[in-house]
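Here the structure is laid out as structure tokens; the discussion comes afterwards.
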Amino acid sequence: MTVLHTVNKSPFEKDSLDTCIAHALDGSTVLLIEDGVYAATRGTVVEPRVRDAMQRMNFYVLANDCKARGLGEDTLIDGIGRVDYGGFVDLVTGHDSVQSWL
Amino acid sequence: MSAGPRKKLMYLNRRAPGGTIYAVEGLEVVLIGAAFDQDVCMAFVGDGVYQLKAGQDTSDSGVKNFSPAYRALGDYDVNRLYVERESLEERGLGVDDLMPLTWEDEDDDWAEKPSIHVVDRAELARLIDAQDVVFNF
Amino acid sequence: MKIGLLVNEGPYQHQAADTAFQFAQAAIEKGHEVFRVFFYHDGVNNGTRLATPPQDDRHIQRRWTALAEAHGVDLVVCVAAAQRRGICDPDEAKRNGKDADNIAPGFRISGLGQLVEAAIECDRLVTFGD
């Protein structure tokens, strides 16, 4: 089984991202959406945790939510994939199940 | 009620019972879902472990106490309640602080067995990974 | 693929209803079947036709209604959650002695079994919430 995990909370407000990372198996995919996309930016206290998790999981952000929040592509951690809503759909259908860390 | 193969459904609870409605409305899904004869379990992670805290009494706060409903789960054949060990420990709790939930095993002369299984985080991660559907409440 | 959606938050208050809508639209564009959108918790508030958002903003309820009309998406509002929050159709209004109903076109009120059924019938269930 490969699971798509989604996180929609700012890592500065809720522990959803940390809980997700702690429960996602190696080889899983994490998609950051809504306020979850703030975790994808460089230069935050969260960045080392995200980079560490990226060693064993694939990370994506919903580009639409980045753009809406003024987070340009150049502000994101290298290696995080960017998808639009269609890409979100492809990630859902390309994994065996979806776990939403609300 | 469904003709296809049974699916593995997990109800994953990460919220405390009192502050929002998610826990009680989540429990309503579990009880209704029991009629569908699927392979069902529940998991309690983070503040979700507080849902199972013994001694909940809302009589002085003017809201309905739904915690007794967890005792009915065994009668609905929902008898695998996985509680994350680390979440308990982080909150200064042990299994003795939780409601003693049980179920009767009809294949074992109706022996009363505990429904709560304390599992560590790594085991819970594997359980989540093995599900067909995870409901989050 | 057959995809089910669960929407747990009301419109405007939280982005969940917007994300769910955009996802549903993208899934349909890619040729997938959106089997059902189930509205639970405060998500039932997506289904009132009485909302009047500012004219220069999106109209979340009408967007759902249009999706149902164009693509036959089954929009189901949980009856128990709806009763708590004052969302009702003509039958529910009559049964509970209410002087009005407010369910929007394209939505229907039904039980939680519809959510569990969607989880079982669909290839994927995607949850949008807070």
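To be explicit about the labels: the chains of the structure tokens are called A, B, and onward in the order shown, and within each one the residues are counted from 1, while ligands get numbers from 1 in the order they are shown.
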
- request: Write down as a PyMOL selection string the residues belonging to chain A that are assigned alpha helix (DSSP H) by DSSP computed on the backbone.
  value: chain A and resi 16-23+47-54+63-68+85-94

Can you spit out the residues from that selection as a short mmCIF file (atom, residue, chain, number, x, y, z; two decimals), in the first residue's frame, using N, CA and C atoms?
```
data_model
loop_
_atom_site.label_atom_id
_atom_site.label_comp_id
_atom_site.auth_asym_id
_atom_site.auth_seq_id
_atom_site.Cartn_x
_atom_site.Cartn_y
_atom_site.Cartn_z
N SER A 16 -0.40 19.03 13.09
CA SER A 16 -0.82 18.09 12.04
C SER A 16 0.35 17.59 11.20
N LEU A 17 1.27 18.50 10.83
CA LEU A 17 2.40 18.08 9.99
C LEU A 17 3.29 17.10 10.75
N ASP A 18 3.63 17.43 12.00
CA ASP A 18 4.48 16.53 12.78
C ASP A 18 3.80 15.18 12.98
N THR A 19 2.48 15.22 13.25
CA THR A 19 1.74 13.96 13.44
C THR A 19 1.74 13.16 12.15
N CYS A 20 1.56 13.85 11.04
CA CYS A 20 1.61 13.19 9.73
C CYS A 20 2.97 12.52 9.52
N ILE A 21 4.03 13.30 9.71
CA ILE A 21 5.37 12.77 9.46
C ILE A 21 5.65 11.57 10.36
N ALA A 22 5.16 11.65 11.60
CA ALA A 22 5.41 10.57 12.56
C ALA A 22 4.65 9.29 12.20
N HIS A 23 3.60 9.42 11.39
CA HIS A 23 2.75 8.26 11.09
C HIS A 23 2.81 7.84 9.63
N GLU A 47 11.66 24.07 8.50
CA GLU A 47 12.37 23.57 7.31
C GLU A 47 13.23 22.33 7.58
N PRO A 48 14.03 22.31 8.67
CA PRO A 48 14.85 21.11 8.90
C PRO A 48 14.01 19.84 9.06
N ARG A 49 12.85 19.97 9.70
CA ARG A 49 12.00 18.79 9.88
C ARG A 49 11.43 18.32 8.54
N VAL A 50 11.07 19.28 7.69
CA VAL A 50 10.55 18.92 6.37
C VAL A 50 11.66 18.27 5.55
N ARG A 51 12.85 18.88 5.56
CA ARG A 51 13.97 18.32 4.79
C ARG A 51 14.30 16.91 5.27
N ASP A 52 14.26 16.72 6.57
CA ASP A 52 14.52 15.39 7.12
C ASP A 52 13.47 14.38 6.62
N ALA A 53 12.21 14.80 6.65
CA ALA A 53 11.14 13.90 6.20
C ALA A 53 11.26 13.62 4.71
N MET A 54 11.78 14.62 3.97
CA MET A 54 11.91 14.44 2.51
C MET A 54 12.92 13.36 2.14
N ALA A 63 0.01 24.25 -5.66
CA ALA A 63 0.54 25.53 -6.13
C ALA A 63 -0.50 26.64 -6.04
N ASN A 64 -1.76 26.29 -6.25
CA ASN A 64 -2.82 27.31 -6.17
C ASN A 64 -2.86 27.96 -4.79
N ASP A 65 -2.65 27.14 -3.74
CA ASP A 65 -2.68 27.68 -2.39
C ASP A 65 -1.41 28.48 -2.07
N CYS A 66 -0.28 28.10 -2.69
CA CYS A 66 0.95 28.90 -2.53
C CYS A 66 0.76 30.28 -3.14
N LYS A 67 0.28 30.29 -4.37
CA LYS A 67 0.09 31.56 -5.08
C LYS A 67 -0.86 32.47 -4.30
N ALA A 68 -1.94 31.89 -3.78
CA ALA A 68 -2.93 32.68 -3.04
C ALA A 68 -2.32 33.31 -1.79
N TYR A 85 -4.87 21.57 -8.99
CA TYR A 85 -5.94 20.67 -8.53
C TYR A 85 -5.97 19.37 -9.34
N GLY A 86 -5.68 19.48 -10.64
CA GLY A 86 -5.62 18.26 -11.45
C GLY A 86 -4.52 17.33 -10.97
N GLY A 87 -3.38 17.93 -10.56
CA GLY A 87 -2.29 17.12 -10.02
C GLY A 87 -2.66 16.49 -8.68
N PHE A 88 -3.45 17.22 -7.90
CA PHE A 88 -4.00 16.70 -6.64
C PHE A 88 -4.81 15.44 -6.94
N VAL A 89 -5.67 15.54 -7.95
CA VAL A 89 -6.50 14.38 -8.33
C VAL A 89 -5.60 13.21 -8.75
N ASP A 90 -4.56 13.51 -9.55
CA ASP A 90 -3.65 12.44 -9.99
C ASP A 90 -2.95 11.78 -8.81
N LEU A 91 -2.59 12.58 -7.81
CA LEU A 91 -1.95 12.00 -6.62
C LEU A 91 -2.93 11.09 -5.88
N VAL A 92 -4.19 11.51 -5.80
CA VAL A 92 -5.20 10.69 -5.12
C VAL A 92 -5.39 9.36 -5.84
N THR A 93 -5.52 9.43 -7.16
CA THR A 93 -5.77 8.18 -7.89
C THR A 93 -4.50 7.33 -8.02
N GLY A 94 -3.35 7.97 -7.86
CA GLY A 94 -2.08 7.25 -7.98
C GLY A 94 -1.61 6.59 -6.72
#
```

task: With a distance threshold of 10 Å and counting only C-alpha atoms, extract the residues of chain B near chain A and express them as a list of chain:residue names.
output: B:Leu12, B:Arg14, B:Val45, B:Gly46, B:Arg121, B:Ala122, B:Glu123, B:Leu124, B:Ala125, B:Arg126, B:Leu127, B:Ile128, B:Asp129, B:Ala130, B:Gln131, B:Asp132, B:Val133, B:Val134, B:Phe135, B:Asn136, B:Phe137

message: Env of segment 77-87 of chain C: 10 Å cut, atoms = only C-alpha atoms, seq-sep filter 6 positions within chain, self excluded. Answer as an MDAnalysis selection string.
response: (chainID B and resid 25 28) or (chainID C and resid 7 37:49 93 96 98 100:104 107:115)

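If you look at atom CA of Leu71 of chain A and atom CA of Val126 of chain C, they are 25.3 Å away from each other.
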
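The space between atom CA of Gly19 of chain B and atom CA of Asp75 of chain B spans 27.2 Å.
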
query: Counting only C-alpha atoms, which residues from chain C have an atom at most 8 Å from any atom of chain A, and could you show them as a count of residues only?
result: 15

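Using only C-alpha atoms, we find that the part of chain B lying within 10 Å of chain C comprises Met1, Ser2, Ala3, Gly4, Pro5, Arg6, Lys7, Lys8, Leu9, Ile21, Tyr22, Glu25, Gly26, Glu28, Val29, Val30, Leu31, Ile32, Gly33, Ala34, Ala35, Phe36, Gln38, Asp132, Val133, Val134, Phe135, Asn136 and Phe137 of chain B.
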
Please dump the current selection as a compact mmCIF listing (two decimals), in the first residue's frame; keep N, CA and C atoms.
```txt
# COMPACT_ATOMS: atom_id res chain seq x y z
N MET B 1 -24.60 -5.57 4.37
CA MET B 1 -25.42 -4.73 3.51
C MET B 1 -24.74 -4.49 2.16
N SER B 2 -23.42 -4.66 2.11
CA SER B 2 -22.72 -4.46 0.84
C SER B 2 -22.30 -5.81 0.28
N ALA B 3 -22.46 -5.96 -1.04
CA ALA B 3 -22.22 -7.26 -1.64
C ALA B 3 -20.74 -7.53 -1.87
N GLY B 4 -19.95 -6.47 -2.03
CA GLY B 4 -18.55 -6.62 -2.37
C GLY B 4 -17.73 -7.15 -1.21
N PRO B 5 -16.42 -7.31 -1.44
CA PRO B 5 -15.56 -7.76 -0.35
C PRO B 5 -15.52 -6.72 0.76
N ARG B 6 -15.31 -7.20 1.97
CA ARG B 6 -15.26 -6.28 3.11
C ARG B 6 -14.05 -5.36 2.98
N LYS B 7 -14.27 -4.13 3.30
CA LYS B 7 -13.17 -3.17 3.29
C LYS B 7 -12.66 -2.96 4.70
N LYS B 8 -11.40 -2.54 4.77
CA LYS B 8 -10.81 -2.20 6.06
C LYS B 8 -11.02 -0.71 6.31
N LEU B 9 -11.85 -0.42 7.30
CA LEU B 9 -12.18 0.97 7.63
C LEU B 9 -11.62 1.31 9.00
N ILE B 21 -17.44 19.38 18.32
CA ILE B 21 -18.43 18.32 18.13
C ILE B 21 -17.87 17.11 17.37
N TYR B 22 -16.61 17.22 16.91
CA TYR B 22 -16.10 16.17 16.02
C TYR B 22 -16.16 14.78 16.64
N GLU B 25 -19.91 13.44 16.84
CA GLU B 25 -20.46 13.15 15.51
C GLU B 25 -19.64 12.05 14.82
N GLY B 26 -18.37 11.94 15.16
CA GLY B 26 -17.57 10.84 14.64
C GLY B 26 -18.07 9.51 15.16
N GLU B 28 -21.04 8.82 16.00
CA GLU B 28 -22.29 8.51 15.31
C GLU B 28 -22.03 7.77 14.00
N VAL B 29 -20.98 8.16 13.30
CA VAL B 29 -20.64 7.46 12.05
C VAL B 29 -20.23 6.02 12.35
N VAL B 30 -19.46 5.84 13.41
CA VAL B 30 -19.01 4.49 13.76
C VAL B 30 -20.21 3.58 14.05
N LEU B 31 -21.16 4.10 14.81
CA LEU B 31 -22.32 3.28 15.20
C LEU B 31 -23.20 2.97 13.99
N ILE B 32 -23.41 3.95 13.13
CA ILE B 32 -24.19 3.70 11.90
C ILE B 32 -23.42 2.75 10.98
N GLY B 33 -22.11 2.99 10.88
CA GLY B 33 -21.27 2.20 9.96
C GLY B 33 -21.21 0.74 10.35
N ALA B 34 -21.46 0.44 11.63
CA ALA B 34 -21.38 -0.95 12.10
C ALA B 34 -22.36 -1.85 11.35
N ALA B 35 -23.46 -1.27 10.85
CA ALA B 35 -24.47 -2.06 10.15
C ALA B 35 -23.97 -2.57 8.81
N PHE B 36 -22.86 -2.03 8.32
CA PHE B 36 -22.37 -2.39 6.99
C PHE B 36 -21.45 -3.61 6.97
N GLN B 38 -18.31 -4.31 7.82
CA GLN B 38 -16.97 -4.17 7.25
C GLN B 38 -15.94 -4.51 8.33
N ASP B 132 -8.15 0.46 3.88
CA ASP B 132 -8.70 0.93 2.60
C ASP B 132 -9.21 2.36 2.72
N VAL B 133 -9.83 2.65 3.86
CA VAL B 133 -10.39 4.00 4.08
C VAL B 133 -10.12 4.40 5.52
N VAL B 134 -9.66 5.63 5.71
CA VAL B 134 -9.52 6.17 7.06
C VAL B 134 -10.42 7.39 7.18
N PHE B 135 -11.32 7.34 8.15
CA PHE B 135 -12.15 8.50 8.48
C PHE B 135 -11.44 9.28 9.59
N ASN B 136 -11.40 10.58 9.45
CA ASN B 136 -10.72 11.41 10.46
C ASN B 136 -11.72 12.26 11.20
N PHE B 137 -11.76 12.10 12.51
CA PHE B 137 -12.66 12.92 13.33
C PHE B 137 -11.92 13.51 14.50
```

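Omitting Ala68 of chain C and its sequence neighbours fewer than 5 positions away, and counting only C-alpha atoms, the residues within 9 Å are Arg63, Val73, Asp74, Leu75, Pro105, Gly106 and Phe107 of chain C.
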
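The neighbours of Val24 of chain B here are the residues that come within 10 Å of it, using only C-alpha atoms and leaving out any residue fewer than 5 positions away in the same chain; they are Pro17, Gly18, Val29, Val30, Gln51, Lys64, Asn65, Phe66, Ser67, Ala69, Tyr70 and Phe137 of chain B.
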
message: Excluding Ala54 of chain B and its own-chain neighbours fewer than 4 positions away, which residues fall within 10 Å of it when counting only C-alpha atoms? Please give them as number ranges by chain.
response: B: 50, 67-68, 95-100

field: Contacts of Arg82 of chain A within 7 Å, only C-alpha atoms, excl. fewer than 5 positions in-chain, as number ranges by chain
entry: A: 60-63
